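As structure tokens, the structure follows; a few thoughts come after it.
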Amino acid sequence: MSIRAVRGATTVKENTKEAILFETGYLLKEIMEKNSLKNEDVISIMFTATDDLNTAYPAAAARKIGITNAGLLDYPELKVAGGLKMCIRVLMLTEAIVPQSEIKHVYLNGARVLRTDLLRDENRVAVALDGPAGSGKSTIAKLVAKELGFTYIDTGAMYRSVAFYCIDKDIDYNNELEVISRLDDISITILSTKKEQRYLLNGDDVTDLLRSPEVSEGASKVASYKAVREKLVAIQRECASKQSVIMDGRDIGTNVLPNAEVKVFMDGNVEERAKRRFEELELKGITTTYEEILEDIKKRDYNDSHREYNPLRRAEDAVLLDTTYMSIEEVKDYIVEEIKKYLKEE
Ligand code: DC
């Protein structure tokens with residue numbers, strides 16, 4: 001057994017003792033159930049409440065549901081402009097067998113959002129799909145988008161477009177200053193048709209030129225430059241503000257769309273990911289070897305998760321999906337179900 005931290009939050013409709021204790025108790029029970037925890041596993045719980053809730057201490061709810069031995073403490077929540085109102089947040093320290101990355105954090109009654117001023121239009125849904133290269137994100141995202149009528153946005157293709165521009169114009173993509181000095185000359189547009197997405201680089205359709213190992217390596221490099229990320233993230237957010245999207249990448253759940261309604265982090269064994277990517281490239285007629293792809297993916301995994309700005313990381317509220325032994329259909333169905341569950345809750 002090791003100590004794990006579980007996060008949770010909920011909102012309350014009215015500032016009454018009954019409402020505060022009921023919603024907090026319900027949140028705690030959900031946290032325990034989702035993580036298969038027993039009352040005796042809980043070591044301590046910290047609670048925060050916004051200053052519009054002052055008729056009860058949320059911690060009292062823990063005692064009410066039988067968590068008798070844990071250390072409890074209530075705090076006021078920091079006041080931040082636009083912060084959610086009537087909100088209770090908890091941080092539970094507990095003994096658990098599963099690793100921290102498999103802990104399920106629980107957000108109820110719209111409390112995943114931190115700031116209402118970052119909320120998106122109610123009628124639009126954003127699905128953030130993150131994970132390392134070859135985890136199957138784009139295949140799955142396309143299928144989910146088709147089934148639910150969402151727009152698929154492949155953010156990797158944008159980083160690839162910048163790398164392609166550099167290679168095409170003989171700019172050394174390893175030279176950050178040189179790349180940044182040319183950023184204003186790069187315009188990326190996504191053309192969405194019902195059937196597919198086309199990526200235009202300064203008006204030219206480059207969609208079919210973005211998959212070579214050289215462009216992959218360059219994309220991972222230019223993606224580590226802050227100015228490149230800022231430019232592309234602005235385009236990505238703009239796309240998501242106009243329509244329901246499923247967006248795949250590395251930092252969608254953590255940075256581009258932190259308030260996405262559904263977040264999934266897809267992972268998988270590196271050999272299996274390399275095998276899939278190799279087969280995909282073979283079908284496209286790109287000549288390479290499995291070993292070359294494996295090396296490329298390992299290198300990119302390292303670069304993408306160790307860079308300073310918005311590295312590849314699972315958002316704490318993202319569902320973790322190891323796709324090594326799952327079929328495409330199974331992964332697609334799982335994500336569609338997650339989205340439908342969200343739509344029903346609303
Ligand atoms: O998903 P992909 O293999 O097409 O992405 C190409 C590279 O772009 C990848 O190595 C990391 C980078 N990338 C990123 O840093 N952030 C994103 N949101 C998407 C891709």
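If you're wondering about the labels, chains in the structure tokens are A, B, ... by order shown, residues count from 1 in each chain, ligands from 1 in order shown.
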
Report as a compact mmCIF listing (two decimals) with N, CA, C and O atoms, in the first residue's frame which protein, DNA and RNA residues come within 6 Å of ligand 1, using only C-alpha atoms and all ligand atoms.
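Below you can see selection.txt, which holds the result:
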```
# COMPACT_ATOMS: atom_id res chain seq x y z
N ALA A 133 2.82 9.29 -29.40
CA ALA A 133 2.75 8.95 -30.82
C ALA A 133 2.35 7.48 -30.99
O ALA A 133 2.83 6.62 -30.25
N THR A 155 -4.14 18.33 -33.99
CA THR A 155 -3.21 19.43 -33.70
C THR A 155 -1.77 19.05 -34.08
O THR A 155 -0.96 19.92 -34.37
N GLY A 156 -1.48 17.74 -34.10
CA GLY A 156 -0.15 17.30 -34.52
C GLY A 156 0.14 17.78 -35.95
O GLY A 156 1.27 18.13 -36.28
N ALA A 157 -0.91 17.78 -36.78
CA ALA A 157 -0.73 18.18 -38.18
C ALA A 157 -0.28 19.64 -38.26
O ALA A 157 0.43 20.04 -39.20
N TYR A 159 1.72 21.21 -35.97
CA TYR A 159 3.15 21.23 -35.66
C TYR A 159 3.93 20.64 -36.84
O TYR A 159 5.02 21.09 -37.18
N ARG A 160 3.33 19.63 -37.47
CA ARG A 160 3.98 19.03 -38.65
C ARG A 160 4.06 20.06 -39.78
O ARG A 160 5.04 20.09 -40.52
N SER A 216 8.11 14.19 -38.90
CA SER A 216 7.74 13.81 -37.53
C SER A 216 8.78 14.33 -36.55
O SER A 216 8.46 14.91 -35.51
N ALA A 219 8.62 18.06 -36.26
CA ALA A 219 7.42 18.52 -35.55
C ALA A 219 7.65 18.47 -34.04
O ALA A 219 7.31 19.38 -33.30
N SER A 220 8.27 17.36 -33.60
CA SER A 220 8.52 17.21 -32.18
C SER A 220 9.48 18.30 -31.70
O SER A 220 9.34 18.82 -30.59
N ALA A 223 7.74 21.80 -31.77
CA ALA A 223 6.69 21.82 -30.74
C ALA A 223 7.25 22.16 -29.36
O ALA A 223 6.50 22.42 -28.43
N GLY A 249 -3.91 15.44 -29.48
CA GLY A 249 -2.59 16.06 -29.36
C GLY A 249 -1.85 15.58 -28.14
O GLY A 249 -1.96 14.39 -27.77
N ARG A 250 -1.10 16.48 -27.52
CA ARG A 250 -0.31 16.12 -26.34
C ARG A 250 -0.73 16.93 -25.11
O ARG A 250 -0.55 16.47 -23.99
N ASP A 251 -1.24 18.13 -25.36
CA ASP A 251 -1.52 19.05 -24.26
C ASP A 251 -2.94 19.59 -24.33
O ASP A 251 -3.23 20.68 -23.85
N ILE A 252 -3.84 18.83 -24.95
CA ILE A 252 -5.20 19.37 -25.15
C ILE A 252 -5.92 19.45 -23.80
O ILE A 252 -6.47 20.48 -23.43
N ARG A 300 10.66 10.66 -29.78
CA ARG A 300 9.60 11.66 -29.66
C ARG A 300 8.89 11.58 -28.32
O ARG A 300 8.54 12.60 -27.73
N ASP A 304 8.68 14.83 -26.24
CA ASP A 304 7.36 15.40 -26.00
C ASP A 304 7.02 15.45 -24.51
O ASP A 304 6.28 16.32 -24.07
```

Residue contacts of stretch 330-333 of chain A (8 Å, only C-alpha atoms) excluding same-chain residues fewer than 4 positions away, as a ChimeraX atom specification: /A:140-141,143-144,323,326,337

When DSSP works through the backbone of this structure, what residues of stretch 41-141 of chain A end up as helix (DSSP H, G or I), shown as a ChimeraX atom specification? /A:41,60-64,100-102,116-118,137-141

Atom CA of A:Arg182 to atom CA of A:Thr207: how many Å, to one decimal?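 Rounded to one decimal, the two atoms are 20.8 Å apart.
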
For A:Ser135, which residue out of A:Asp248, A:Glu18, A:Asp267, A:Asp301 is the nearest one, using only C-alpha atoms? A:Asp267

Please determine, counting only C-alpha atoms, which residue among A:Ser244, A:Ser224, A:Asn54, A:Thr11 has the shortest atom-to-atom distance to A:Glu176.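 Distance minimum relative to A:Glu176 lands on A:Ser224.
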
Distance criterion (only C-alpha atoms): nearest to A:Thr139 out of A:Ala5, A:Leu177, A:Ile286, A:Ile246: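 So, comparing all the options, the nearest one is A:Ile246.
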
Pick out the closest residue to A:Ala56 from this set: A:Glu95, A:Glu316, A:Glu279, A:Glu14. Count only C-alpha atoms. A:Glu14

Can you pull out the residues contacting A:Glu271? Cut-off 10 Å, using only C-alpha atoms, and skip same-chain residues under 2 positions away; I want them as number ranges by chain. A: 134, 268-269, 273-277, 290-291, 293-295, 297-298, 324

Please extract the residues of stretch 93-288 of chain A with a backbone DSSP assignment of strand (DSSP E) and present them as a count of residues only. 38

Using only C-alpha atoms, which of the listed residues (A:Tyr309, A:Tyr199, A:Phe150, A:Tyr165) sits closest to A:Asn255? A:Tyr309
